[in-house]
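Pasted below: structure23.cif, mmCIF, N, CA and C atoms.
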data_protein
loop_
_atom_site.group_PDB
_atom_site.id
_atom_site.type_symbol
_atom_site.label_atom_id
_atom_site.label_comp_id
_atom_site.auth_asym_id
_atom_site.auth_seq_id
_atom_site.Cartn_x
_atom_site.Cartn_y
_atom_site.Cartn_z
ATOM 1 N N MET A 8 87.390 114.290 106.039
ATOM 2 C CA MET A 8 88.445 114.918 106.818
ATOM 3 C C MET A 8 89.820 114.515 106.277
ATOM 4 N N TRP A 9 89.960 113.239 105.894
ATOM 5 C CA TRP A 9 91.261 112.775 105.406
ATOM 6 C C TRP A 9 91.623 113.471 104.089
ATOM 7 N N MET A 10 90.631 113.649 103.230
ATOM 8 C CA MET A 10 90.875 114.340 101.970
ATOM 9 C C MET A 10 91.250 115.804 102.218
ATOM 10 N N THR A 11 90.681 116.400 103.237
ATOM 11 C CA THR A 11 91.021 117.770 103.605
ATOM 12 C C THR A 11 92.474 117.849 104.064
ATOM 13 N N LEU A 12 92.918 116.860 104.831
ATOM 14 C CA LEU A 12 94.317 116.813 105.263
ATOM 15 C C LEU A 12 95.247 116.715 104.057
ATOM 16 N N ILE A 13 94.924 115.840 103.119
ATOM 17 C CA ILE A 13 95.747 115.700 101.917
ATOM 18 C C ILE A 13 95.781 117.018 101.143
ATOM 19 N N PHE A 14 94.629 117.654 100.982
ATOM 20 C CA PHE A 14 94.556 118.936 100.275
ATOM 21 C C PHE A 14 95.406 119.983 100.989
ATOM 22 N N TYR A 15 95.309 120.032 102.308
ATOM 23 C CA TYR A 15 96.094 120.999 103.086
ATOM 24 C C TYR A 15 97.594 120.759 102.894
ATOM 25 N N LEU A 16 98.022 119.504 103.008
ATOM 26 C CA LEU A 16 99.447 119.206 102.852
ATOM 27 C C LEU A 16 99.942 119.551 101.449
ATOM 28 N N SER A 17 99.092 119.380 100.456
ATOM 29 C CA SER A 17 99.471 119.734 99.088
ATOM 30 C C SER A 17 99.492 121.234 98.864
ATOM 31 N N SER A 18 98.821 121.985 99.718
ATOM 32 C CA SER A 18 98.786 123.444 99.594
ATOM 33 C C SER A 18 100.027 124.109 100.179
ATOM 34 N N LEU A 19 100.800 123.367 100.936
ATOM 35 C CA LEU A 19 101.995 123.921 101.561
ATOM 36 C C LEU A 19 103.116 124.050 100.544
ATOM 37 N N THR A 20 103.921 125.106 100.678
ATOM 38 C CA THR A 20 105.103 125.229 99.828
ATOM 39 C C THR A 20 106.128 124.193 100.279
ATOM 40 N N GLN A 21 107.151 124.010 99.464
ATOM 41 C CA GLN A 21 108.161 122.988 99.779
ATOM 42 C C GLN A 21 108.811 123.240 101.140
ATOM 43 N N ASP A 22 109.022 124.494 101.490
ATOM 44 C CA ASP A 22 109.646 124.829 102.776
ATOM 45 C C ASP A 22 108.716 124.573 103.956
ATOM 46 N N GLU A 23 107.404 124.613 103.727
ATOM 47 C CA GLU A 23 106.430 124.442 104.808
ATOM 48 C C GLU A 23 106.052 122.983 105.061
ATOM 49 N N VAL A 24 106.405 122.099 104.148
ATOM 50 C CA VAL A 24 106.039 120.685 104.298
ATOM 51 C C VAL A 24 106.759 120.119 105.526
ATOM 52 N N PRO A 25 106.005 119.459 106.431
ATOM 53 C CA PRO A 25 106.642 118.867 107.608
ATOM 54 C C PRO A 25 107.683 117.833 107.193
ATOM 55 N N ALA A 26 108.835 117.904 107.814
ATOM 56 C CA ALA A 26 109.935 117.017 107.435
ATOM 57 C C ALA A 26 110.063 115.866 108.426
ATOM 58 N N ALA A 27 110.181 114.680 107.886
ATOM 59 C CA ALA A 27 110.517 113.495 108.675
ATOM 60 C C ALA A 27 111.933 113.122 108.255
ATOM 61 N N THR A 28 112.913 113.783 108.848
ATOM 62 C CA THR A 28 114.298 113.651 108.407
ATOM 63 C C THR A 28 114.816 112.219 108.506
ATOM 64 N N TRP A 29 114.265 111.416 109.395
ATOM 65 C CA TRP A 29 114.725 110.040 109.545
ATOM 66 C C TRP A 29 114.375 109.186 108.329
ATOM 67 N N LEU A 30 113.445 109.646 107.486
ATOM 68 C CA LEU A 30 113.100 108.912 106.265
ATOM 69 C C LEU A 30 114.003 109.272 105.095
ATOM 70 N N GLY A 31 114.717 110.379 105.232
ATOM 71 C CA GLY A 31 115.629 110.801 104.169
ATOM 72 C C GLY A 31 114.915 111.027 102.853
ATOM 73 N N SER A 32 115.483 110.466 101.791
ATOM 74 C CA SER A 32 114.916 110.667 100.457
ATOM 75 C C SER A 32 113.635 109.855 100.233
ATOM 76 N N TRP A 33 113.288 108.996 101.174
ATOM 77 C CA TRP A 33 112.076 108.176 101.073
ATOM 78 C C TRP A 33 110.842 108.889 101.607
ATOM 79 N N GLN A 34 110.994 110.088 102.132
ATOM 80 C CA GLN A 34 109.889 110.806 102.774
ATOM 81 C C GLN A 34 108.697 110.974 101.846
ATOM 82 N N SER A 35 108.928 111.408 100.635
ATOM 83 C CA SER A 35 107.834 111.632 99.699
ATOM 84 C C SER A 35 107.109 110.328 99.376
ATOM 85 N N LEU A 36 107.871 109.279 99.109
ATOM 86 C CA LEU A 36 107.271 107.985 98.776
ATOM 87 C C LEU A 36 106.410 107.471 99.920
ATOM 88 N N PHE A 37 106.951 107.458 101.127
ATOM 89 C CA PHE A 37 106.185 106.970 102.273
ATOM 90 C C PHE A 37 104.983 107.857 102.570
ATOM 91 N N GLY A 38 105.129 109.145 102.367
ATOM 92 C CA GLY A 38 104.003 110.058 102.561
ATOM 93 C C GLY A 38 102.851 109.737 101.625
ATOM 94 N N HIS A 39 103.158 109.536 100.359
ATOM 95 C CA HIS A 39 102.119 109.205 99.382
ATOM 96 C C HIS A 39 101.485 107.845 99.687
ATOM 97 N N VAL A 40 102.314 106.864 99.981
ATOM 98 C CA VAL A 40 101.790 105.524 100.275
ATOM 99 C C VAL A 40 100.883 105.569 101.500
ATOM 100 N N PHE A 41 101.303 106.246 102.542
ATOM 101 C CA PHE A 41 100.511 106.332 103.766
ATOM 102 C C PHE A 41 99.195 107.063 103.518
ATOM 103 N N LEU A 42 99.272 108.255 102.929
ATOM 104 C CA LEU A 42 98.071 109.074 102.751
ATOM 105 C C LEU A 42 97.039 108.408 101.838
ATOM 106 N N TYR A 43 97.476 107.847 100.724
ATOM 107 C CA TYR A 43 96.522 107.275 99.774
ATOM 108 C C TYR A 43 96.125 105.848 100.125
ATOM 109 N N GLY A 44 96.957 105.140 100.867
ATOM 110 C CA GLY A 44 96.545 103.836 101.388
ATOM 111 C C GLY A 44 95.419 103.988 102.399
ATOM 112 N N ILE A 45 95.561 104.953 103.280
ATOM 113 C CA ILE A 45 94.508 105.220 104.260
ATOM 114 C C ILE A 45 93.245 105.721 103.557
ATOM 115 N N LEU A 46 93.399 106.607 102.570
ATOM 116 C CA LEU A 46 92.239 107.130 101.857
ATOM 117 C C LEU A 46 91.449 106.010 101.182
ATOM 118 N N ALA A 47 92.134 105.109 100.496
ATOM 119 C CA ALA A 47 91.445 103.995 99.838
ATOM 120 C C ALA A 47 90.753 103.103 100.868
ATOM 121 N N SER A 48 91.405 102.876 101.991
ATOM 122 C CA SER A 48 90.802 102.055 103.051
ATOM 123 C C SER A 48 89.539 102.707 103.603
ATOM 124 N N LEU A 49 89.589 104.006 103.815
ATOM 125 C CA LEU A 49 88.412 104.722 104.312
ATOM 126 C C LEU A 49 87.269 104.685 103.295
ATOM 127 N N PHE A 50 87.605 104.873 102.016
ATOM 128 C CA PHE A 50 86.584 104.755 100.969
ATOM 129 C C PHE A 50 85.954 103.365 100.981
ATOM 130 N N GLU A 51 86.802 102.357 101.039
ATOM 131 C CA GLU A 51 86.308 100.979 100.967
ATOM 132 C C GLU A 51 85.406 100.628 102.135
ATOM 133 N N VAL A 52 85.807 100.974 103.320
ATOM 134 C CA VAL A 52 84.991 100.672 104.505
ATOM 135 C C VAL A 52 83.666 101.416 104.453
ATOM 136 N N SER A 53 83.686 102.629 103.940
ATOM 137 C CA SER A 53 82.435 103.389 103.874
ATOM 138 C C SER A 53 81.490 102.864 102.792
ATOM 139 N N LEU A 54 82.004 102.134 101.808
ATOM 140 C CA LEU A 54 81.174 101.609 100.727
ATOM 141 C C LEU A 54 80.628 100.210 100.981
ATOM 142 N N TRP A 55 81.253 99.493 101.885
ATOM 143 C CA TRP A 55 80.886 98.089 102.099
ATOM 144 C C TRP A 55 79.439 97.900 102.498
ATOM 145 N N GLU A 56 78.896 96.853 101.959
ATOM 146 C CA GLU A 56 77.630 96.333 102.458
ATOM 147 C C GLU A 56 77.994 95.116 103.306
ATOM 148 N N TRP A 57 77.086 94.647 104.079
ATOM 149 C CA TRP A 57 77.394 93.502 104.935
ATOM 150 C C TRP A 57 77.377 92.187 104.166
ATOM 151 N N ARG A 58 76.845 92.192 102.965
ATOM 152 C CA ARG A 58 76.871 90.983 102.143
ATOM 153 C C ARG A 58 78.228 90.895 101.448
ATOM 154 N N SER A 59 78.922 89.808 101.638
ATOM 155 C CA SER A 59 80.303 89.708 101.178
ATOM 156 C C SER A 59 80.459 89.604 99.662
ATOM 157 N N GLN A 60 79.421 89.232 98.929
ATOM 158 C CA GLN A 60 79.599 89.053 97.490
ATOM 159 C C GLN A 60 79.896 90.364 96.765
ATOM 160 N N TYR A 61 79.649 91.500 97.373
ATOM 161 C CA TYR A 61 79.900 92.787 96.722
ATOM 162 C C TYR A 61 81.205 93.434 97.169
ATOM 163 N N ARG A 62 81.926 92.849 98.065
ATOM 164 C CA ARG A 62 83.105 93.517 98.627
ATOM 165 C C ARG A 62 84.205 93.766 97.606
ATOM 166 N N PHE A 63 84.384 92.870 96.647
ATOM 167 C CA PHE A 63 85.408 93.101 95.629
ATOM 168 C C PHE A 63 85.058 94.340 94.800
ATOM 169 N N ARG A 64 83.800 94.491 94.485
ATOM 170 C CA ARG A 64 83.329 95.659 93.728
ATOM 171 C C ARG A 64 83.635 96.940 94.496
ATOM 172 N N TRP A 65 83.437 96.917 95.810
ATOM 173 C CA TRP A 65 83.709 98.107 96.619
ATOM 174 C C TRP A 65 85.208 98.373 96.718
ATOM 175 N N ALA A 66 86.003 97.311 96.731
ATOM 176 C CA ALA A 66 87.460 97.479 96.767
ATOM 177 C C ALA A 66 87.942 98.164 95.484
ATOM 178 N N VAL A 67 87.410 97.720 94.353
ATOM 179 C CA VAL A 67 87.784 98.346 93.083
ATOM 180 C C VAL A 67 87.329 99.805 93.059
ATOM 181 N N GLY A 68 86.105 100.062 93.483
ATOM 182 C CA GLY A 68 85.598 101.431 93.517
ATOM 183 C C GLY A 68 86.421 102.330 94.424
ATOM 184 N N ALA A 69 86.820 101.804 95.576
ATOM 185 C CA ALA A 69 87.631 102.590 96.511
ATOM 186 C C ALA A 69 89.000 102.897 95.921
ATOM 187 N N ALA A 70 89.620 101.913 95.267
ATOM 188 C CA ALA A 70 90.932 102.130 94.651
ATOM 189 C C ALA A 70 90.838 103.164 93.526
ATOM 190 N N VAL A 71 89.791 103.079 92.723
ATOM 191 C CA VAL A 71 89.609 104.039 91.628
ATOM 192 C C VAL A 71 89.362 105.444 92.183
ATOM 193 N N ALA A 72 88.493 105.563 93.190
ATOM 194 C CA ALA A 72 88.183 106.880 93.764
ATOM 195 C C ALA A 72 89.433 107.520 94.373
ATOM 196 N N ALA A 73 90.208 106.748 95.135
ATOM 197 C CA ALA A 73 91.421 107.288 95.752
ATOM 198 C C ALA A 73 92.453 107.655 94.692
ATOM 199 N N SER A 74 92.551 106.851 93.637
ATOM 200 C CA SER A 74 93.497 107.151 92.552
ATOM 201 C C SER A 74 93.109 108.432 91.819
ATOM 202 N N LEU A 75 91.824 108.595 91.561
ATOM 203 C CA LEU A 75 91.366 109.817 90.893
ATOM 204 C C LEU A 75 91.594 111.046 91.766
ATOM 205 N N TYR A 76 91.410 110.888 93.069
ATOM 206 C CA TYR A 76 91.702 112.003 93.969
ATOM 207 C C TYR A 76 93.200 112.322 93.938
ATOM 208 N N GLY A 77 94.029 111.289 93.819
ATOM 209 C CA GLY A 77 95.468 111.503 93.702
ATOM 210 C C GLY A 77 95.830 112.306 92.465
ATOM 211 N N VAL A 78 95.180 112.010 91.346
ATOM 212 C CA VAL A 78 95.421 112.762 90.113
ATOM 213 C C VAL A 78 94.989 114.215 90.287
ATOM 214 N N SER A 79 93.807 114.419 90.869
ATOM 215 C CA SER A 79 93.335 115.799 91.070
ATOM 216 C C SER A 79 94.229 116.539 92.059
ATOM 217 N N ASP A 80 94.762 115.828 93.035
ATOM 218 C CA ASP A 80 95.650 116.456 94.003
ATOM 219 C C ASP A 80 96.975 116.852 93.350
ATOM 220 N N GLU A 81 97.469 116.028 92.457
ATOM 221 C CA GLU A 81 98.691 116.392 91.729
ATOM 222 C C GLU A 81 98.455 117.633 90.867
ATOM 223 N N LEU A 82 97.303 117.718 90.246
ATOM 224 C CA LEU A 82 96.962 118.911 89.470
ATOM 225 C C LEU A 82 96.915 120.140 90.382
ATOM 226 N N HIS A 83 96.279 119.997 91.533
ATOM 227 C CA HIS A 83 96.212 121.093 92.507
ATOM 228 C C HIS A 83 97.613 121.513 92.937
ATOM 229 N N GLN A 84 98.468 120.540 93.171
ATOM 230 C CA GLN A 84 99.820 120.812 93.652
ATOM 231 C C GLN A 84 100.645 121.573 92.610
ATOM 232 N N SER A 85 100.308 121.435 91.346
ATOM 233 C CA SER A 85 101.066 122.128 90.302
ATOM 234 C C SER A 85 100.884 123.643 90.370
ATOM 235 N N PHE A 86 99.858 124.105 91.083
ATOM 236 C CA PHE A 86 99.603 125.540 91.221
ATOM 237 C C PHE A 86 100.226 126.128 92.488
ATOM 238 N N VAL A 87 100.875 125.305 93.302
ATOM 239 C CA VAL A 87 101.476 125.763 94.555
ATOM 240 C C VAL A 87 102.931 126.145 94.289
ATOM 241 N N ALA A 88 103.316 127.320 94.803
ATOM 242 C CA ALA A 88 104.681 127.813 94.606
ATOM 243 C C ALA A 88 105.705 126.828 95.170
ATOM 244 N N GLY A 89 106.712 126.517 94.368
ATOM 245 C CA GLY A 89 107.775 125.636 94.821
ATOM 246 C C GLY A 89 107.440 124.160 94.763
ATOM 247 N N ARG A 90 106.261 123.810 94.306
ATOM 248 C CA ARG A 90 105.856 122.400 94.208
ATOM 249 C C ARG A 90 105.647 122.061 92.743
ATOM 250 N N SER A 91 105.651 120.797 92.450
ATOM 251 C CA SER A 91 105.412 120.377 91.069
ATOM 252 C C SER A 91 104.510 119.156 91.067
ATOM 253 N N SER A 92 103.926 118.912 89.937
ATOM 254 C CA SER A 92 103.048 117.767 89.746
ATOM 255 C C SER A 92 103.811 116.750 88.912
ATOM 256 N N THR A 93 103.895 115.511 89.398
ATOM 257 C CA THR A 93 104.611 114.493 88.635
ATOM 258 C C THR A 93 103.727 113.279 88.393
ATOM 259 N N PHE A 94 103.942 112.674 87.253
ATOM 260 C CA PHE A 94 103.230 111.452 86.894
ATOM 261 C C PHE A 94 103.600 110.329 87.861
ATOM 262 N N ASN A 95 104.865 110.291 88.293
ATOM 263 C CA ASN A 95 105.313 109.243 89.225
ATOM 264 C C ASN A 95 104.569 109.322 90.550
ATOM 265 N N ASP A 96 104.334 110.532 91.046
ATOM 266 C CA ASP A 96 103.575 110.671 92.291
ATOM 267 C C ASP A 96 102.153 110.148 92.129
ATOM 268 N N ALA A 97 101.538 110.445 90.993
ATOM 269 C CA ALA A 97 100.181 109.946 90.736
ATOM 270 C C ALA A 97 100.184 108.423 90.648
ATOM 271 N N LEU A 98 101.219 107.844 90.062
ATOM 272 C CA LEU A 98 101.329 106.379 90.006
ATOM 273 C C LEU A 98 101.495 105.773 91.398
ATOM 274 N N VAL A 99 102.331 106.391 92.215
ATOM 275 C CA VAL A 99 102.521 105.904 93.586
ATOM 276 C C VAL A 99 101.203 105.980 94.354
ATOM 277 N N ASP A 100 100.464 107.069 94.177
ATOM 278 C CA ASP A 100 99.160 107.203 94.825
ATOM 279 C C ASP A 100 98.231 106.067 94.398
ATOM 280 N N ALA A 101 98.199 105.786 93.102
ATOM 281 C CA ALA A 101 97.327 104.730 92.581
ATOM 282 C C ALA A 101 97.753 103.356 93.095
ATOM 283 N N PHE A 102 99.044 103.067 93.071
ATOM 284 C CA PHE A 102 99.513 101.769 93.563
ATOM 285 C C PHE A 102 99.227 101.602 95.050
ATOM 286 N N ALA A 103 99.406 102.663 95.821
ATOM 287 C CA ALA A 103 99.113 102.603 97.254
ATOM 288 C C ALA A 103 97.624 102.346 97.483
ATOM 289 N N ALA A 104 96.780 103.022 96.716
ATOM 290 C CA ALA A 104 95.332 102.839 96.851
ATOM 291 C C ALA A 104 94.928 101.416 96.477
ATOM 292 N N ILE A 105 95.471 100.903 95.383
ATOM 293 C CA ILE A 105 95.151 99.545 94.948
ATOM 294 C C ILE A 105 95.633 98.523 95.979
ATOM 295 N N ALA A 106 96.847 98.695 96.478
ATOM 296 C CA ALA A 106 97.390 97.756 97.460
ATOM 297 C C ALA A 106 96.577 97.752 98.751
ATOM 298 N N ALA A 107 96.232 98.936 99.238
ATOM 299 C CA ALA A 107 95.469 99.022 100.490
ATOM 300 C C ALA A 107 94.076 98.435 100.318
ATOM 301 N N ALA A 108 93.398 98.758 99.223
ATOM 302 C CA ALA A 108 92.051 98.230 98.989
ATOM 303 C C ALA A 108 92.085 96.713 98.830
ATOM 304 N N THR A 109 93.101 96.207 98.140
ATOM 305 C CA THR A 109 93.229 94.764 97.960
ATOM 306 C C THR A 109 93.493 94.060 99.284
ATOM 307 N N CYS A 110 94.402 94.607 100.076
ATOM 308 C CA CYS A 110 94.700 94.004 101.382
ATOM 309 C C CYS A 110 93.470 93.985 102.287
ATOM 310 N N LEU A 111 92.759 95.066 102.311
ATOM 311 C CA LEU A 111 91.563 95.128 103.150
ATOM 312 C C LEU A 111 90.498 94.141 102.662
ATOM 313 N N TRP A 112 90.359 94.024 101.354
ATOM 314 C CA TRP A 112 89.413 93.061 100.790
ATOM 315 C C TRP A 112 89.813 91.636 101.139
ATOM 316 N N LEU A 113 91.113 91.320 101.044
ATOM 317 C CA LEU A 113 91.580 89.968 101.380
ATOM 318 C C LEU A 113 91.385 89.646 102.865
ATOM 319 N N ILE A 114 91.623 90.609 103.698
ATOM 320 C CA ILE A 114 91.439 90.396 105.140
ATOM 321 C C ILE A 114 89.970 90.146 105.461
ATOM 322 N N ALA A 115 89.076 90.886 104.807
ATOM 323 C CA ALA A 115 87.651 90.784 105.098
ATOM 324 C C ALA A 115 86.984 89.576 104.450
ATOM 325 N N SER A 116 87.624 89.002 103.447
ATOM 326 C CA SER A 116 86.999 87.873 102.739
ATOM 327 C C SER A 116 87.085 86.575 103.509
#
For this file, write the structure as structure tokens.
Amino acid sequence: MWMTLIFYLSSLTQDEVPAATWLGSWQSLFGHVFLYGILASLFEVSLWEWRSQYRFRWAVGAAVAASLYGVSDELHQSFVAGRSSTFNDALVDAFAAIAAATCLWLIAS
């Protein structure tokens, strides 16, 4: 469901994207961090086994999966009118995924 939300938001034209005016120019950055941080966390929790020795492996897998989805989402966004695909957005998605997966792994360890 979360991936569907991300896909839907990426399908919107620039004029249709919901605006959080109080964030100003930080809206895009916070949007990416929030969406991909949650995605990596959801991936990680769904992959966990109850044995703790494998949790780091699942954290890495979750970060990689969320980052790859971010790249595919940027590619998808390049086909939407008024939107563009940027390498910086893909990097922000990856950093958010890595940070969220790492934090969740540290909390659970």
Excluding segment 103-105 of chain A and its own-chain neighbours fewer than 3 positions away, which residues fall within 9 Å of it when counting only C-alpha atoms? Please give them as a PDB file with N, CA and C atoms, in the frame of the given file.
ATOM      1  N   HIS A  39     103.158 109.536 100.359  1.00  0.00           N
ATOM      2  CA  HIS A  39     102.119 109.205  99.382  1.00  0.00           C
ATOM      3  C   HIS A  39     101.485 107.845  99.687  1.00  0.00           C
ATOM      4  N   VAL A  40     102.314 106.864  99.981  1.00  0.00           N
ATOM      5  CA  VAL A  40     101.790 105.524 100.275  1.00  0.00           C
ATOM      6  C   VAL A  40     100.883 105.569 101.500  1.00  0.00           C
ATOM      7  N   PHE A  41     101.303 106.246 102.542  1.00  0.00           N
ATOM      8  CA  PHE A  41     100.511 106.332 103.766  1.00  0.00           C
ATOM      9  C   PHE A  41      99.195 107.063 103.518  1.00  0.00           C
ATOM     10  N   LEU A  42      99.272 108.255 102.929  1.00  0.00           N
ATOM     11  CA  LEU A  42      98.071 109.074 102.751  1.00  0.00           C
ATOM     12  C   LEU A  42      97.039 108.408 101.838  1.00  0.00           C
ATOM     13  N   TYR A  43      97.476 107.847 100.724  1.00  0.00           N
ATOM     14  CA  TYR A  43      96.522 107.275  99.774  1.00  0.00           C
ATOM     15  C   TYR A  43      96.125 105.848 100.125  1.00  0.00           C
ATOM     16  N   GLY A  44      96.957 105.140 100.867  1.00  0.00           N
ATOM     17  CA  GLY A  44      96.545 103.836 101.388  1.00  0.00           C
ATOM     18  C   GLY A  44      95.419 103.988 102.399  1.00  0.00           C
ATOM     19  N   ILE A  45      95.561 104.953 103.280  1.00  0.00           N
ATOM     20  CA  ILE A  45      94.508 105.220 104.260  1.00  0.00           C
ATOM     21  C   ILE A  45      93.245 105.721 103.557  1.00  0.00           C
ATOM     22  N   LEU A  46      93.399 106.607 102.570  1.00  0.00           N
ATOM     23  CA  LEU A  46      92.239 107.130 101.857  1.00  0.00           C
ATOM     24  C   LEU A  46      91.449 106.010 101.182  1.00  0.00           C
ATOM     25  N   ALA A  47      92.134 105.109 100.496  1.00  0.00           N
ATOM     26  CA  ALA A  47      91.445 103.995  99.838  1.00  0.00           C
ATOM     27  C   ALA A  47      90.753 103.103 100.868  1.00  0.00           C
ATOM     28  N   SER A  48      91.405 102.876 101.991  1.00  0.00           N
ATOM     29  CA  SER A  48      90.802 102.055 103.051  1.00  0.00           C
ATOM     30  C   SER A  48      89.539 102.707 103.603  1.00  0.00           C
ATOM     31  N   ALA A  66      86.003  97.311  96.731  1.00  0.00           N
ATOM     32  CA  ALA A  66      87.460  97.479  96.767  1.00  0.00           C
ATOM     33  C   ALA A  66      87.942  98.164  95.484  1.00  0.00           C
ATOM     34  N   VAL A  67      87.410  97.720  94.353  1.00  0.00           N
ATOM     35  CA  VAL A  67      87.784  98.346  93.083  1.00  0.00           C
ATOM     36  C   VAL A  67      87.329  99.805  93.059  1.00  0.00           C
ATOM     37  N   ALA A  69      86.820 101.804  95.576  1.00  0.00           N
ATOM     38  CA  ALA A  69      87.631 102.590  96.511  1.00  0.00           C
ATOM     39  C   ALA A  69      89.000 102.897  95.921  1.00  0.00           C
ATOM     40  N   ALA A  70      89.620 101.913  95.267  1.00  0.00           N
ATOM     41  CA  ALA A  70      90.932 102.130  94.651  1.00  0.00           C
ATOM     42  C   ALA A  70      90.838 103.164  93.526  1.00  0.00           C
ATOM     43  N   VAL A  71      89.791 103.079  92.723  1.00  0.00           N
ATOM     44  CA  VAL A  71      89.609 104.039  91.628  1.00  0.00           C
ATOM     45  C   VAL A  71      89.362 105.444  92.183  1.00  0.00           C
ATOM     46  N   ALA A  72      88.493 105.563  93.190  1.00  0.00           N
ATOM     47  CA  ALA A  72      88.183 106.880  93.764  1.00  0.00           C
ATOM     48  C   ALA A  72      89.433 107.520  94.373  1.00  0.00           C
ATOM     49  N   ALA A  73      90.208 106.748  95.135  1.00  0.00           N
ATOM     50  CA  ALA A  73      91.421 107.288  95.752  1.00  0.00           C
ATOM     51  C   ALA A  73      92.453 107.655  94.692  1.00  0.00           C
ATOM     52  N   SER A  74      92.551 106.851  93.637  1.00  0.00           N
ATOM     53  CA  SER A  74      93.497 107.151  92.552  1.00  0.00           C
ATOM     54  C   SER A  74      93.109 108.432  91.819  1.00  0.00           C
ATOM     55  N   LEU A  98     101.219 107.844  90.062  1.00  0.00           N
ATOM     56  CA  LEU A  98     101.329 106.379  90.006  1.00  0.00           C
ATOM     57  C   LEU A  98     101.495 105.773  91.398  1.00  0.00           C
ATOM     58  N   VAL A  99     102.331 106.391  92.215  1.00  0.00           N
ATOM     59  CA  VAL A  99     102.521 105.904  93.586  1.00  0.00           C
ATOM     60  C   VAL A  99     101.203 105.980  94.354  1.00  0.00           C
ATOM     61  N   ASP A 100     100.464 107.069  94.177  1.00  0.00           N
ATOM     62  CA  ASP A 100      99.160 107.203  94.825  1.00  0.00           C
ATOM     63  C   ASP A 100      98.231 106.067  94.398  1.00  0.00           C
ATOM     64  N   ALA A 108      93.398  98.758  99.223  1.00  0.00           N
ATOM     65  CA  ALA A 108      92.051  98.230  98.989  1.00  0.00           C
ATOM     66  C   ALA A 108      92.085  96.713  98.830  1.00  0.00           C
ATOM     67  N   THR A 109      93.101  96.207  98.140  1.00  0.00           N
ATOM     68  CA  THR A 109      93.229  94.764  97.960  1.00  0.00           C
ATOM     69  C   THR A 109      93.493  94.060  99.284  1.00  0.00           C
ATOM     70  N   CYS A 110      94.402  94.607 100.076  1.00  0.00           N
ATOM     71  CA  CYS A 110      94.700  94.004 101.382  1.00  0.00           C
ATOM     72  C   CYS A 110      93.470  93.985 102.287  1.00  0.00           C
TER      73      CYS A 110
END
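Comparing A:Asp22, A:Ala101, A:Ala27, A:Leu49 by their smallest distance to Leu75 of chain A, the closest is A:Ala101 (using only N, CA and C atoms).
Between atom CA of Trp55 of chain A and atom CA of Phe37 of chain A there is a distance of 26.8 Å.
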Exercise. Rank A:Val24, A:Leu82, A:Met8, A:Leu111 by their smallest atom-to-atom distance to Trp65 of chain A, using only C-alpha atoms, and report the top residue only.
Key: A:Leu111
Practice problem: Please give the complete set of residues from chain A that DSSP, run on the backbone, assigns to alpha helix (DSSP H), formatted as a PyMOL selection string. | Solution: chain A and resi 9-18+34-54+62-84+94-115
Exercise. Select all residues near (101.3, 123.0, 98.3) (cut-off 6 Å, inclusive, file coordinates), counting only C-alpha atoms, and output them as a ChimeraX atom specification.
Key: /A:17-20,84,87
Self-check item: Nearest-residue call for Glu81 of chain A, choices A:Gln21, A:Thr93, A:Thr11, A:Gln34, using only C-alpha atoms
Solution: A:Thr93
